[in-house]
Structure formats: structure tokens, C-alpha cells
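For reference, input-v8.tsv is printed below; it contains TSV, C-alpha atoms.
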chain	number	residue	atom	x	y	z
A	1	GLU	CA	0.00	0.00	0.00
A	2	LEU	CA	2.87	2.32	0.80
A	3	HIS	CA	4.34	1.55	-2.63
A	4	PHE	CA	1.14	2.72	-4.36
A	5	VAL	CA	1.02	5.87	-2.26
A	6	LEU	CA	4.60	6.72	-3.21
A	7	LEU	CA	3.88	5.96	-6.87
A	8	ALA	CA	0.78	8.17	-6.86
A	9	SER	CA	2.75	10.96	-5.21
A	10	SER	CA	5.48	10.64	-7.84
A	11	VAL	CA	2.97	10.74	-10.68
A	12	SER	CA	1.33	13.78	-9.11
A	13	ASP	CA	4.68	15.58	-8.87
A	14	VAL	CA	5.47	14.79	-12.50
A	15	SER	CA	2.03	16.01	-13.58
A	16	ARG	CA	2.47	19.29	-11.71
A	17	TYR	CA	5.91	19.71	-13.26
A	18	TYR	CA	4.69	19.28	-16.84
A	19	LEU	CA	1.62	21.41	-16.14
A	20	ALA	CA	3.91	24.17	-14.91
A	21	ARG	CA	6.06	23.78	-18.01
A	22	PHE	CA	2.95	23.96	-20.21
A	23	TYR	CA	1.76	27.19	-18.58
A	24	ALA	CA	5.25	28.69	-18.75
A	25	THR	CA	5.37	28.04	-22.49
A	26	TRP	CA	1.79	28.64	-23.61
A	27	GLY	CA	0.26	30.81	-20.89
A	28	SER	CA	-2.26	29.95	-18.18
A	29	ASN	CA	-5.33	30.94	-20.24
A	30	MET	CA	-4.61	28.65	-23.20
A	31	ASN	CA	-7.34	26.34	-24.52
A	32	ILE	CA	-8.05	24.63	-27.84
A	33	PHE	CA	-10.27	27.46	-29.13
A	34	ARG	CA	-7.75	30.18	-28.34
A	35	PHE	CA	-4.93	28.13	-29.85
A	36	ALA	CA	-6.97	27.47	-33.01
A	37	GLY	CA	-7.81	31.17	-33.22
A	38	ASP	CA	-4.18	32.19	-32.83
A	39	MET	CA	-3.05	29.69	-35.48
A	40	THR	CA	-5.77	30.91	-37.86
A	41	HIS	CA	-4.63	34.50	-37.31
A	42	LEU	CA	-1.03	33.45	-37.89
A	43	LEU	CA	-2.00	31.58	-41.06
A	44	SER	CA	-3.94	34.56	-42.42
A	45	ILE	CA	-0.83	36.75	-42.25
A	46	ILE	CA	1.37	34.03	-43.74
A	47	VAL	CA	-1.11	33.68	-46.63
A	48	LEU	CA	-0.99	37.45	-47.21
A	49	LEU	CA	2.82	37.57	-47.15
A	50	LEU	CA	3.06	34.56	-49.48
A	51	LYS	CA	0.62	36.20	-51.90
A	52	ILE	CA	2.60	39.43	-52.01
A	53	ASN	CA	5.98	37.72	-52.25
A	54	ALA	CA	4.95	35.09	-54.82
A	55	THR	CA	2.95	37.35	-57.13
A	56	LYS	CA	4.97	40.52	-56.51
A	57	SER	CA	1.62	42.25	-56.26
A	58	CYS	CA	-0.46	43.79	-53.49
A	59	ALA	CA	-3.53	44.24	-55.69
A	60	GLY	CA	-6.66	44.05	-53.57
A	61	VAL	CA	-4.77	44.64	-50.30
A	62	SER	CA	-5.64	47.74	-48.31
A	63	LEU	CA	-2.66	49.67	-46.98
A	64	LYS	CA	-5.08	51.54	-44.71
A	65	THR	CA	-6.11	48.32	-42.97
A	66	GLN	CA	-2.51	47.14	-42.60
A	67	GLU	CA	-1.51	50.45	-41.01
A	68	LEU	CA	-4.46	50.24	-38.63
A	69	TYR	CA	-3.44	46.70	-37.63
A	70	LEU	CA	0.12	47.85	-36.95
A	71	LEU	CA	-1.30	50.59	-34.72
A	72	VAL	CA	-3.47	47.98	-32.99
A	73	PHE	CA	-0.54	45.69	-32.26
A	74	VAL	CA	1.88	48.40	-31.14
A	75	THR	CA	-0.60	49.95	-28.69
A	76	ARG	CA	-1.78	46.56	-27.40
A	77	TYR	CA	1.60	44.96	-26.85
A	78	LEU	CA	3.38	47.69	-24.90
A	79	ASP	CA	3.64	45.16	-22.08
A	80	LEU	CA	6.49	43.56	-24.03
A	81	LEU	CA	8.61	46.36	-22.57
A	82	TYR	CA	7.97	45.52	-18.92
A	83	SER	CA	6.41	42.07	-18.45
A	84	TYR	CA	6.78	38.45	-19.54
A	85	ILE	CA	3.91	35.97	-19.72
A	86	SER	CA	5.22	33.06	-21.77
A	87	LEU	CA	7.46	32.25	-24.72
A	88	TYR	CA	4.40	31.61	-26.88
A	89	ASN	CA	2.82	34.92	-25.91
A	90	THR	CA	6.00	36.89	-26.61
A	91	PHE	CA	6.58	35.19	-29.97
A	92	MET	CA	3.04	35.84	-31.18
A	93	LYS	CA	3.14	39.51	-30.18
A	94	LEU	CA	6.47	40.10	-31.92
A	95	PHE	CA	5.30	38.20	-35.00
A	96	PHE	CA	2.15	40.30	-35.39
A	97	ILE	CA	4.06	43.57	-35.02
A	98	CYS	CA	6.89	42.59	-37.38
A	99	SER	CA	4.66	40.95	-40.01
A	100	SER	CA	2.39	44.00	-40.17
A	101	GLY	CA	5.44	46.21	-40.61
A	102	CYS	CA	6.69	43.87	-43.34
A	103	VAL	CA	3.42	44.06	-45.30
A	104	ILE	CA	3.44	47.85	-45.05
A	105	TRP	CA	7.06	47.94	-46.26
A	106	TYR	CA	6.15	45.80	-49.28
A	107	ILE	CA	3.25	48.07	-50.22
A	108	ARG	CA	5.07	51.35	-49.64
A	109	GLU	CA	8.71	50.63	-50.50
A	110	HIS	CA	9.17	47.50	-52.62
A	111	LYS	CA	10.06	48.68	-56.11
A	112	ILE	CA	7.77	46.17	-57.86
A	113	VAL	CA	5.01	45.52	-55.33
A	114	SER	CA	4.45	49.20	-54.59
A	115	GLN	CA	3.55	49.81	-58.23
A	116	THR	CA	0.58	47.45	-57.94
A	117	TYR	CA	-0.99	49.29	-55.00
A	118	ASP	CA	-4.29	50.91	-55.99
A	119	SER	CA	-4.26	54.12	-53.94
A	120	ALA	CA	-7.11	55.53	-56.02
A	121	GLN	CA	-9.47	52.87	-54.62
A	122	ASP	CA	-8.01	52.58	-51.11
A	123	THR	CA	-9.32	55.92	-49.90
A	124	PHE	CA	-11.11	55.06	-46.66
A	125	ARG	CA	-10.63	57.90	-44.15
A	126	VAL	CA	-9.09	56.01	-41.25
A	127	LEU	CA	-9.29	59.00	-38.92
A	128	PHE	CA	-13.04	58.38	-38.88
A	129	LEU	CA	-12.22	55.06	-37.24
A	130	ALA	CA	-9.19	55.91	-35.10
A	131	CYS	CA	-10.48	59.11	-33.50
A	132	PRO	CA	-13.82	57.73	-32.23
A	133	CYS	CA	-12.00	54.64	-30.93
A	134	MET	CA	-9.58	56.81	-28.96
A	135	ILE	CA	-12.40	58.95	-27.55
A	136	LEU	CA	-14.27	55.79	-26.53
A	137	ALA	CA	-11.10	54.34	-24.95
A	138	LEU	CA	-10.66	57.50	-22.89
A	139	THR	CA	-14.22	57.29	-21.59
A	140	VAL	CA	-14.88	53.53	-21.35
A	141	ASN	CA	-11.96	51.53	-19.92
A	142	HIS	CA	-11.03	49.33	-16.98
A	143	ASP	CA	-8.45	51.71	-15.54
A	144	PHE	CA	-7.52	55.26	-16.54
A	145	THR	CA	-3.79	54.74	-17.11
A	146	VAL	CA	-1.76	55.25	-20.28
A	147	THR	CA	-1.17	51.56	-20.95
A	148	GLU	CA	-4.74	50.57	-20.12
A	149	VAL	CA	-6.26	53.30	-22.31
A	150	LEU	CA	-3.99	52.34	-25.22
A	151	TRP	CA	-4.83	48.66	-24.74
A	152	THR	CA	-8.54	49.49	-24.74
A	153	PHE	CA	-8.05	51.68	-27.83
A	154	SER	CA	-6.46	48.71	-29.62
A	155	ILE	CA	-9.46	46.52	-28.78
A	156	TYR	CA	-11.92	49.05	-30.18
A	157	LEU	CA	-9.78	49.76	-33.25
A	158	GLU	CA	-9.29	46.09	-34.13
A	159	ALA	CA	-13.05	45.68	-34.27
A	160	VAL	CA	-13.27	48.08	-37.23
A	161	ALA	CA	-9.76	47.90	-38.77
A	162	ILE	CA	-10.94	45.51	-41.50
A	163	LEU	CA	-13.45	48.04	-42.91
A	164	PRO	CA	-11.02	49.72	-45.38
A	165	GLN	CA	-10.11	46.25	-46.69
A	166	LEU	CA	-13.75	45.25	-47.17
A	167	VAL	CA	-14.58	48.54	-48.86
A	168	LEU	CA	-11.61	48.09	-51.23
A	169	LEU	CA	-12.78	44.58	-52.13
A	170	GLN	CA	-16.27	45.91	-52.81
A	171	ARG	CA	-14.87	48.57	-55.12
A	172	THR	CA	-12.64	46.15	-57.04
A	173	LYS	CA	-15.50	43.58	-57.06
A	174	ASN	CA	-13.56	40.54	-58.35
A	175	VAL	CA	-11.36	39.26	-55.52
A	176	ASP	CA	-8.35	37.01	-56.13
A	177	THR	CA	-8.28	33.70	-54.25
A	178	LEU	CA	-5.37	34.46	-51.90
A	179	THR	CA	-6.76	37.82	-50.82
A	180	GLY	CA	-10.16	36.21	-50.23
A	181	ASN	CA	-8.53	33.46	-48.17
A	182	TYR	CA	-6.62	36.04	-46.13
A	183	VAL	CA	-9.78	37.94	-45.18
A	184	PHE	CA	-11.70	34.70	-44.50
A	185	LEU	CA	-8.98	33.42	-42.16
A	186	LEU	CA	-8.81	36.79	-40.43
A	187	GLY	CA	-12.53	36.64	-39.75
A	188	GLY	CA	-12.27	32.99	-38.74
A	189	TYR	CA	-9.70	33.85	-36.09
A	190	ARG	CA	-12.10	36.23	-34.40
A	191	ALA	CA	-14.99	33.76	-34.62
A	192	LEU	CA	-12.82	31.13	-32.88
A	193	TYR	CA	-12.04	33.65	-30.16
A	194	LEU	CA	-15.78	33.95	-29.49
A	195	LEU	CA	-15.75	30.22	-28.72
A	196	ASN	CA	-12.68	30.77	-26.54
A	197	TRP	CA	-14.57	33.35	-24.49
A	198	ILE	CA	-17.61	31.08	-24.13
A	199	TYR	CA	-15.34	28.24	-22.99
A	200	ARG	CA	-13.63	30.48	-20.42
A	201	ILE	CA	-16.99	31.74	-19.11
A	202	LEU	CA	-18.01	28.10	-18.52
A	203	THR	CA	-14.70	27.00	-16.98
A	204	GLU	CA	-13.32	30.08	-15.18
A	205	PRO	CA	-15.49	31.41	-12.33
A	206	GLY	CA	-15.56	35.21	-12.30
A	207	TYR	CA	-14.17	35.60	-15.82
A	208	ARG	CA	-15.59	38.85	-17.23
A	209	GLN	CA	-14.25	41.03	-20.08
A	210	TRP	CA	-17.16	43.06	-21.38
A	211	ILE	CA	-15.06	45.44	-23.51
A	212	VAL	CA	-13.35	42.55	-25.28
A	213	TRP	CA	-16.58	40.57	-25.69
A	214	ILE	CA	-18.64	43.40	-27.17
A	215	SER	CA	-15.84	44.61	-29.47
A	216	GLY	CA	-15.10	41.05	-30.65
A	217	THR	CA	-18.77	40.36	-31.34
A	218	ILE	CA	-19.03	43.55	-33.42
A	219	GLN	CA	-15.85	42.60	-35.27
A	220	THR	CA	-17.18	39.14	-36.11
A	221	ALA	CA	-20.52	40.59	-37.23
A	222	ILE	CA	-18.71	42.88	-39.69
A	223	TYR	CA	-17.34	39.78	-41.42
A	224	CYS	CA	-20.71	38.03	-41.76
A	225	ASP	CA	-21.53	39.51	-45.18
A	226	PHE	CA	-18.09	38.56	-46.48
A	227	PHE	CA	-18.44	35.04	-45.06
A	228	TYR	CA	-21.72	34.60	-46.94
A	229	TYR	CA	-20.28	35.55	-50.34
A	230	TYR	CA	-17.04	33.65	-49.71
A	231	ILE	CA	-18.86	30.40	-48.91
A	232	LYS	CA	-21.31	30.98	-51.77
A	233	SER	CA	-18.48	31.43	-54.29
A	234	TRP	CA	-16.68	28.35	-52.92
A	235	ARG	CA	-19.80	26.17	-53.20
A	236	ASN	CA	-20.50	27.36	-56.75
A	237	ASN	CA	-16.82	27.13	-57.71
A	238	GLU	CA	-16.89	30.78	-58.80
A	239	ARG	CA	-14.51	33.69	-58.36
A	240	LEU	CA	-15.34	35.67	-55.24
A	241	SER	CA	-17.17	38.91	-56.00
A	242	LEU	CA	-18.65	41.30	-53.47
A	243	PRO	CA	-21.65	43.50	-54.30
A	244	SER	CA	-21.13	47.27	-54.32
Step by step, read the file and then write its structure as C-alpha cells.
Amino acid sequence: ELHFVLLASSVSDVSRYYLARFYATWGSNMNIFRFAGDMTHLLSIIVLLLKINATKSCAGVSLKTQELYLLVFVTRYLDLLYSYISLYNTFMKLFFICSSGCVIWYIREHKIVSQTYDSAQDTFRVLFLACPCMILALTVNHDFTVTEVLWTFSIYLEAVAILPQLVLLQRTKNVDTLTGNYVFLLGGYRALYLLNWIYRILTEPGYRQWIVWISGTIQTAIYCDFFYYYIKSWRNNERLSLPS
């Protein structure tokens, strides 16, 4: 009997050790829905970078949206300067910042890719998105500090940052496959995060993040029209086209 007690204790110690290692690497709030959402987000950016690099074209890609996403990531991930959560968390934050900067560099500076950018169609006035989001962040936040206000601003801004991209696709009408896949994956990432929040509500007593929930729900709703036409074109084996 003593042997089994010692064995159980040993197994318990090993389990706690690997659980601690798991949390140190992935973060304590990781679950399958969040991981799937993160990987979908990661894949969306990889698809976009592969499209630009392979075709040497950024046709159909909104520079306005990419600049908004860079602003989102920079203001959200200021904690990289003063805190550490996990290796996974740090890698993902740095990847999103650097990849957004890379896409912007391609569109603005690459001698071939920059010539394919359609500035005449990508004319969405982003100040109409950024300014209201900042005003809202200053008035509705969890704590009135610089980092908290900027984090809240990034949450609000991410909810609407895709709008210039969707407007550009509506104006160009016919959407190439890779750009369509990029937007679909980007919307899919946010939809998976909705499931992540539901899972955490059910498994974590006291878990409440109303700002994140409401903003994320609005963001997912914005994609619904695109999802409909994307799935419709896929089922009919047609080129994706959005109505004006």
C-alpha cells in the first residue's frame, strides 16, 4: 500500500511539473479554441505575405487596414517592454508587429510591389475610425492609465480595422483567391475567439471582459456579409465577388 502511495505521489509531482512547463510556455489561459484562433490569425498573415511575395503584387490589399493593424498591435503589446507571460505569448506579439510592418514595407517601399498598389481605390478615411475609438477608450476603460487606455483603444480599433479592406474589395468587385482566403482566415480567427470566451466563461469562475466581448462580437458581425459571399463562391466554384 505504501508503494502505491509513493507511486501516486510521484505521478502527481510529474504532472504538476509538466503542467507548470505547459503554462510557462503557452500561458495559463490557453485552450483549444484560443490556440486554433491564434493559429488561424497566424496563417492569415502568412497567406498574405506569401501572396505578395509570390505574385509581386499587393492588388486588392488595403494599406489603410494594414496600417491600422500595426497601430493595434503596437498599442496593445506595450507590455512587451515591462512584463513576460510566456514564450508563446512573446513570440506571437512580436510576429504580429513585425509581419504588419513587413506588409506595409512591401506596399510602400518595394520597387515592384508598390507599383501594384491601388491608392485611387483605397481611400477610406481612417481618422473616422481611429479618433472615435480613442475617444471611446478615454471614456470607457477598466483603468484610466496610459497603458490601459492604449490597450482598450487597440481593442476598439481592431473591431473596425478591417473596414477599409472590405470597402476596397467591394470597389474592385472581383477578388483574387489568396486575398479572399486572407480575409476569410482573419474573420475565422475572431470567430474562434468567441468560442474561446464562451469556454472560459463556462470553466473560469468570475471571468468577465465586457469590452473585449462586445468589441469582438461587433468585429465578427462585420465579417458576416463577407463570409456569406465567400462560402457561396466556394460552393458554386466561382470567383469571389462582393456586391457594391
Can you pull out every residue within 9 Å of Val61 of chain A, counting all atoms listed in the file, but drop anything in the same chain fewer than 5 positions away, and send it as a PyMOL selection string?
chain A and resi 48+66+107+117-118+122+165+168-169+179
Please dump the current selection as a PDB file, in the coordinates of the input; keep C-alpha atoms.
ATOM      1  CA  LEU A  48      -0.990  37.450 -47.210  1.00  0.00           C
ATOM      2  CA  GLN A  66      -2.510  47.140 -42.600  1.00  0.00           C
ATOM      3  CA  ILE A 107       3.250  48.070 -50.220  1.00  0.00           C
ATOM      4  CA  TYR A 117      -0.990  49.290 -55.000  1.00  0.00           C
ATOM      5  CA  ASP A 118      -4.290  50.910 -55.990  1.00  0.00           C
ATOM      6  CA  ASP A 122      -8.010  52.580 -51.110  1.00  0.00           C
ATOM      7  CA  GLN A 165     -10.110  46.250 -46.690  1.00  0.00           C
ATOM      8  CA  LEU A 168     -11.610  48.090 -51.230  1.00  0.00           C
ATOM      9  CA  LEU A 169     -12.780  44.580 -52.130  1.00  0.00           C
ATOM     10  CA  THR A 179      -6.760  37.820 -50.820  1.00  0.00           C
TER      11      THR A 179
END
Extract, using all atoms listed in the file, all DNA, RNA and protein residues at most 12 Å from Val113 of chain A, discarding same-chain residues fewer than 5 positions from it, and format them as a ChimeraX atom specification.
/A:49,51-61,103-108,118
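Relative to atom CA of Ala221 of chain A, atom CA of Leu163 of chain A is found at 11.7 Å.
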Which neighbours of segment 31-33 of chain A fall inside 12 Å, counting only C-alpha atoms, when residues of the same chain fewer than 2 positions from it are skipped, and could you give them as a list in words?
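So the residues in contact are Phe22, Tyr23, Trp26, Gly27, Ser28, Asn29, Phe35, Ala36, Gly37, Asp38, Met39, Thr40, Gly188, Tyr189, Arg190, Ala191, Leu192, Tyr193, Leu194, Leu195, Asn196, Trp197, Ile198, Tyr199, Arg200, Thr203 and Glu204 of chain A.
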Next, write the just-selected residues to a file, as a compact mmCIF listing (two decimals), in the coordinates of the input, keeping C-alpha atoms as the atom set.
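The new file out23.txt reads:
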# COMPACT_ATOMS: atom_id res chain seq x y z
CA PHE A 22 2.95 23.96 -20.21
CA TYR A 23 1.76 27.19 -18.58
CA TRP A 26 1.79 28.64 -23.61
CA GLY A 27 0.26 30.81 -20.89
CA SER A 28 -2.26 29.95 -18.18
CA ASN A 29 -5.33 30.94 -20.24
CA PHE A 35 -4.93 28.13 -29.85
CA ALA A 36 -6.97 27.47 -33.01
CA GLY A 37 -7.81 31.17 -33.22
CA ASP A 38 -4.18 32.19 -32.83
CA MET A 39 -3.05 29.69 -35.48
CA THR A 40 -5.77 30.91 -37.86
CA GLY A 188 -12.27 32.99 -38.74
CA TYR A 189 -9.70 33.85 -36.09
CA ARG A 190 -12.10 36.23 -34.40
CA ALA A 191 -14.99 33.76 -34.62
CA LEU A 192 -12.82 31.13 -32.88
CA TYR A 193 -12.04 33.65 -30.16
CA LEU A 194 -15.78 33.95 -29.49
CA LEU A 195 -15.75 30.22 -28.72
CA ASN A 196 -12.68 30.77 -26.54
CA TRP A 197 -14.57 33.35 -24.49
CA ILE A 198 -17.61 31.08 -24.13
CA TYR A 199 -15.34 28.24 -22.99
CA ARG A 200 -13.63 30.48 -20.42
CA THR A 203 -14.70 27.00 -16.98
CA GLU A 204 -13.32 30.08 -15.18
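Using all atoms listed in the file, the residues found no farther than 6 Å from Lys173 of chain A, other than those of its own chain fewer than 2 positions away, are Leu169, Gln170, Arg171, Ser241 and Leu242 of chain A.
Taking atom CA of Leu94 of chain A and atom CA of Tyr182 of chain A as endpoints, the distance between them is 19.7 Å.
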Val74 of chain A environment, 8 Å, only C-alpha atoms, sequence neighbours closer than 4 positions dropped, as an mmCIF file with C-alpha atoms, keeping the file's coordinate frame:
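Writing the result to part-v6.cif gives the following:
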data_model
loop_
_atom_site.group_PDB
_atom_site.id
_atom_site.type_symbol
_atom_site.label_atom_id
_atom_site.label_comp_id
_atom_site.auth_asym_id
_atom_site.auth_seq_id
_atom_site.Cartn_x
_atom_site.Cartn_y
_atom_site.Cartn_z
ATOM 1 C CA LEU A 70 0.120 47.850 -36.950
ATOM 2 C CA LEU A 78 3.380 47.690 -24.900
ATOM 3 C CA ILE A 97 4.060 43.570 -35.020
#
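What separates atom CA of Ser215 of chain A from atom CA of Leu43 of chain A is a distance of 22.3 Å.
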Using all atoms listed in the file, can you tell me which of A:Met92, A:Val212, A:Ile201, A:Val72 comes closest to His41 of chain A?
A:Met92
Which residue of A:Thr75, A:Ser44, A:Thr90, A:Asn237 approaches Leu178 of chain A most closely, using all atoms listed in the file
A:Ser44
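Residue nearest Gln219 of chain A, chosen from A:Ala159, A:Met30, A:Leu80, A:Val146 and counting all atoms listed in the file: A:Ala159.
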For Arg208 of chain A, the nearest of the candidates A:Thr177, A:His142, A:Thr220, A:Ser86, counting only C-alpha atoms
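Checking each of A:Thr177, A:His142, A:Thr220, A:Ser86 against Arg208 of chain A, counting only C-alpha atoms, the winner is A:His142.
Closest approach to Cys224 of chain A from the set A:Leu202, A:Phe95, A:Leu166, A:Val126 is made by A:Leu166, with distances taken over all atoms listed in the file.
Using all atoms listed in the file, the smallest distance between any of A:Phe124, A:Ile112, A:Tyr229, A:Trp213 and Ala161 of chain A comes from A:Phe124.
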